[in-house]
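Novice: Dumping the structure here so I can ask a few things about it.
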Amino acid sequence: MPTMTPSFAEFLPEWIARQRWYTAKGSTPLLRRVGGLRYQDPDGEVGIETWLLRDDSGPAPVLYQVPLTYRAEPVDGLEHALVARGEHSELGPRWVYDGCHDPVGARVLLGTIVGEGTVVSDGGAQYGRATGHRAGGPGAMRSHTGGERVRVLSGEQSNTSIIFEGDDGPPVICKVFRVVPDGRNPDVVVQEALADAGSTRVPAPLGDLYGEWTGAEGERQHGHLAFAQEFLAGVEDAWRVAVRAAVDGEDLATRATALGAAVASVHRDLAAAFPLHEATPPVRAGLRATWRDRAAAALLAVPELQELRDAITEVYARAESVPWPALQRIHGDLHLGQVIEAPDRGWLLLDFEGEPLRPLPERTAPDLALRDVAGMLRSLEYAAGAAHREHGAEVPEEWAAQARTSFLDGYARESGRDPREDAELLAALELDKALYEAVYEVRNRPAWLTIPVAGIRRLLDGPVT
Ligand SMILES: Nc1ncnc2c1ncn2[C@@H]1O[C@H](COP(=O)(O)OP(=O)(O)O)[C@@H](O)[C@H]1O
Ligand SMILES: [Mg+2]
């Protein structure tokens, strides 16, 4: 058996612990390799693999995907992506890189997806299979080599996204899932379903890679490992656009109206493509319980909210007393960081993955479409708060109020039902979100706590705008 010195067991845990996508910050992972795929470098020079590693150090096991490349020489410019420098017993010196950052590794991954290839493991039993998607690929995309420019998207990301730009095809973004759930990833499933339904409010999917590994009981598990889609080059995410508008006192009305319409259109397509669930008494009781739990946690974590206890209970009681619309598939984590406005395409929604650490059944369960509406309303208010906190801007209350009203106007026009007709429910969902934010801020950014607390007080004072 050929060996590496230092061994993977020596260098991988410490490297993984330093990665942004490692979820148990501050602790050392306890890793077991439960699967892996080996790719072929067309030039035969670079070893390319993806490792599937289960971390058993936390309360629940988490599966990580770690693509690696092995090279006989160091690569200029890839210093930041060096995982280890080692000695292979047969091949000699090896430089091990994060395979997402190594252009050869990245191109091979894209080639596998657009070429609808199959990747095998060393053991042979496991596989990764790529499937093109008819909305955007593979057909014309089959010969896409990735172009001459390959880069990893920077920023606070839970996954690793690789961007391919060049002359031989349209720009592509390939998201490598770092935390891999057992089962089809909602990011892929939902975006492909929307594209199939003819929605123009999501980037065109190009294809995905689906793989297999061994579960804790020796059973076969499988799920999506990567997802390639159209990349809208040169657009900023809407969060930054909104914060800047708030700083400049620039009116967001037209854009917020169009955004509301885009969200409503996606909701309509999701309602048609996935099952609807009536809001039966048990379903309502379940949601009420999550509100109550969240409120209890927030009152504990943020003492200044305690005097609001009765008013909070009152908002939830009002929401319980009104009729509820049917539950449907929703985005689930909608905020300004999940939407982009492209010059010729208008608003597009991104990232239907939900919170990667929550169990899949929860992330894919039908929910109130108003939850997404509430998420965006909170985000618009947050943009005003961030303009103040980060840039010292004095943003008048009317700025956020107007953006929120415009968003709701656009949503109402497109969907045919004004979310304000469900004011009690919308207030409860916004309150739930704001209480969540308050807990987050008190733990991570106490100086920002005033933003959710102001939102909570406003929601308790009167009807939503
Ligand atoms: N198809 C795309 N076109 C242009 N930009 C994109 C595209 N997909 C993602 N992005 C950019 O990358 C960011 C992160 O993407 P996202 O899918 O939300 O990943 P994550 O799961 O890590 O949050 C987005 O906020 C957006 O700025
Ligand atoms: Mg995102």
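If you're wondering about the labels, chains in the structure tokens are A, B, ... by order shown, residues count from 1 in each chain, ligands from 1 in order shown.
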Ligand 2: which residues are within 10 Å, counting only C-alpha atoms and all ligand atoms? Reply as a short mmCIF file (atom, residue, chain, number, x, y, z; two decimals) with N, CA and C atoms, in the first residue's frame.
Specialist:
```cif
data_model
loop_
_atom_site.label_atom_id
_atom_site.label_comp_id
_atom_site.auth_asym_id
_atom_site.auth_seq_id
_atom_site.Cartn_x
_atom_site.Cartn_y
_atom_site.Cartn_z
N GLU A 156 -18.65 35.26 2.48
CA GLU A 156 -19.10 34.42 3.58
C GLU A 156 -20.02 33.35 3.02
N GLN A 157 -19.49 32.18 2.77
CA GLN A 157 -20.28 31.16 2.10
C GLN A 157 -20.24 29.86 2.87
N SER A 158 -21.36 29.16 2.85
CA SER A 158 -21.40 27.86 3.52
C SER A 158 -20.97 26.75 2.56
N ASN A 159 -20.98 27.03 1.27
CA ASN A 159 -20.49 26.07 0.28
C ASN A 159 -19.34 26.72 -0.46
N ASP A 237 -24.87 41.36 -5.15
CA ASP A 237 -26.05 40.83 -4.48
C ASP A 237 -26.85 41.99 -3.88
N ASP A 333 -35.38 30.48 3.19
CA ASP A 333 -34.30 31.29 3.78
C ASP A 333 -34.13 32.54 2.93
N LEU A 334 -35.25 33.23 2.72
CA LEU A 334 -35.23 34.33 1.76
C LEU A 334 -34.84 35.65 2.43
N HIS A 335 -33.81 36.26 1.88
CA HIS A 335 -33.39 37.59 2.32
C HIS A 335 -32.64 38.24 1.17
N LEU A 336 -32.19 39.48 1.37
CA LEU A 336 -31.59 40.20 0.25
C LEU A 336 -30.29 39.56 -0.26
N GLY A 337 -29.63 38.74 0.57
CA GLY A 337 -28.41 38.07 0.12
C GLY A 337 -28.69 36.88 -0.79
N GLN A 338 -29.95 36.57 -1.00
CA GLN A 338 -30.32 35.39 -1.80
C GLN A 338 -30.98 35.80 -3.12
N VAL A 339 -30.90 37.08 -3.47
CA VAL A 339 -31.51 37.53 -4.73
C VAL A 339 -30.54 38.44 -5.46
N LEU A 349 -34.03 34.58 -7.99
CA LEU A 349 -33.88 34.02 -6.65
C LEU A 349 -32.82 32.92 -6.67
N LEU A 350 -31.99 32.87 -5.62
CA LEU A 350 -30.89 31.91 -5.54
C LEU A 350 -31.00 31.08 -4.27
N ASP A 351 -30.27 29.98 -4.25
CA ASP A 351 -29.97 29.27 -3.01
C ASP A 351 -31.21 28.75 -2.29
N PHE A 352 -31.80 27.71 -2.87
CA PHE A 352 -33.00 27.10 -2.29
C PHE A 352 -32.63 25.98 -1.30
N GLU A 353 -31.40 26.01 -0.83
CA GLU A 353 -30.90 24.91 -0.01
C GLU A 353 -31.48 24.92 1.40
N GLY A 354 -31.94 26.07 1.84
CA GLY A 354 -32.36 26.18 3.25
C GLY A 354 -31.14 26.16 4.15
N GLU A 355 -31.34 25.99 5.43
CA GLU A 355 -30.23 25.98 6.39
C GLU A 355 -29.58 24.59 6.35
#
```
Novice: According to DSSP computed on the backbone, where in region 142-185 of chain A is there strand (DSSP E)? Give the residues as a list in words.
Specialist: Arg149, Val150, Arg151, Val152, Thr160, Ser161, Ile162, Ile163, Phe164, Glu165, Val172, Ile173, Cys174, Lys175 and Val176 of chain A
Novice: Restricting the calculation to only C-alpha atoms: of A:Arg85, A:Arg20, A:Arg178, A:Arg445, which residue gets closest to Leu53 (chain A)?
Specialist: A:Arg178
Novice: Which of these, A:Ile162, A:Ala434, A:Ala81, A:Leu37, has the shortest distance to ligand 1 once you count only C-alpha atoms and all ligand atoms?
Specialist: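 Result for the nearest residue to ligand 1: A:Ile162.
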Novice: Could you build a table of the residues in region 371-446 of chain A lying no more than 9 Å from region 280-301 of chain A, giving for each the nearest pair of atoms and their separation in Å rounded to one decimal place, using only C-alpha atoms, ordered by chain and ascending residue number, as a Markdown table?
Specialist:
```
| residue | atom | partner | partner_atom | distance |
| --- | --- | --- | --- | --- |
| A:Ala428 | CA | A:Trp291 | CA | 8.2 |
| A:Leu429 | CA | A:Trp291 | CA | 8.4 |
| A:Leu431 | CA | A:Trp291 | CA | 8.9 |
| A:Asp432 | CA | A:Trp291 | CA | 6.0 |
| A:Leu435 | CA | A:Ala298 | CA | 5.9 |
| A:Tyr436 | CA | A:Arg294 | CA | 6.9 |
| A:Ala438 | CA | A:Ala298 | CA | 6.9 |
| A:Val439 | CA | A:Ala298 | CA | 5.6 |
| A:Val442 | CA | A:Ala301 | CA | 7.3 |
| A:Arg443 | CA | A:Ala301 | CA | 8.4 |
```
Novice: Output the selection as an mmCIF file, in the first residue's frame - C-alpha atoms for each residue.
Specialist:
```cif
data_model
loop_
_atom_site.group_PDB
_atom_site.id
_atom_site.type_symbol
_atom_site.label_atom_id
_atom_site.label_comp_id
_atom_site.auth_asym_id
_atom_site.auth_seq_id
_atom_site.Cartn_x
_atom_site.Cartn_y
_atom_site.Cartn_z
ATOM 1 C CA ALA A 428 -46.460 36.652 13.670
ATOM 2 C CA LEU A 429 -43.961 35.439 11.068
ATOM 3 C CA LEU A 431 -41.991 38.664 14.862
ATOM 4 C CA ASP A 432 -40.709 35.087 14.852
ATOM 5 C CA LEU A 435 -36.860 37.201 17.743
ATOM 6 C CA TYR A 436 -34.475 34.810 16.017
ATOM 7 C CA ALA A 438 -32.296 39.145 18.444
ATOM 8 C CA VAL A 439 -30.842 35.883 19.787
ATOM 9 C CA VAL A 442 -26.957 39.173 21.362
ATOM 10 C CA ARG A 443 -24.583 36.233 20.908
#
```
Novice: Hey, what's within 6 Å of Leu225 (chain A) if we count only C-alpha atoms and toss same-chain stuff fewer than 4 positions away? As a VMD selection string, please?
Specialist: chain A and resid 177 209 to 210
Novice: Next, dump the selected residues to file, keeping only C-alpha atoms, as a short mmCIF file (atom, residue, chain, number, x, y, z; two decimals), in the first residue's frame.
Specialist:
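The resulting file, out.cif, is shown below:
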```cif
data_model
loop_
_atom_site.label_atom_id
_atom_site.label_comp_id
_atom_site.auth_asym_id
_atom_site.auth_seq_id
_atom_site.Cartn_x
_atom_site.Cartn_y
_atom_site.Cartn_z
CA PHE A 177 -21.77 21.28 -1.49
CA LEU A 209 -23.32 15.46 -9.70
CA TYR A 210 -24.97 12.87 -7.49
#
```
Novice: Hey, which of A:Val83, A:Ile16, A:Ile163, A:Ala261 ends up closest to ligand 1? Count only C-alpha atoms and all ligand atoms.
Specialist: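 Among A:Val83, A:Ile16, A:Ile163, A:Ala261, it is A:Ile163 that comes nearest to ligand 1.
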Novice: Can you tell me, as an MDAnalysis selection string, which residues in region 223-450 of chain A count as helix (DSSP H, G or I) by DSSP?
Specialist: chainID A and resid 238:248 253:273 281:301 303:321 336:338 360:364 369:391 397:415 419:444 446:448 450
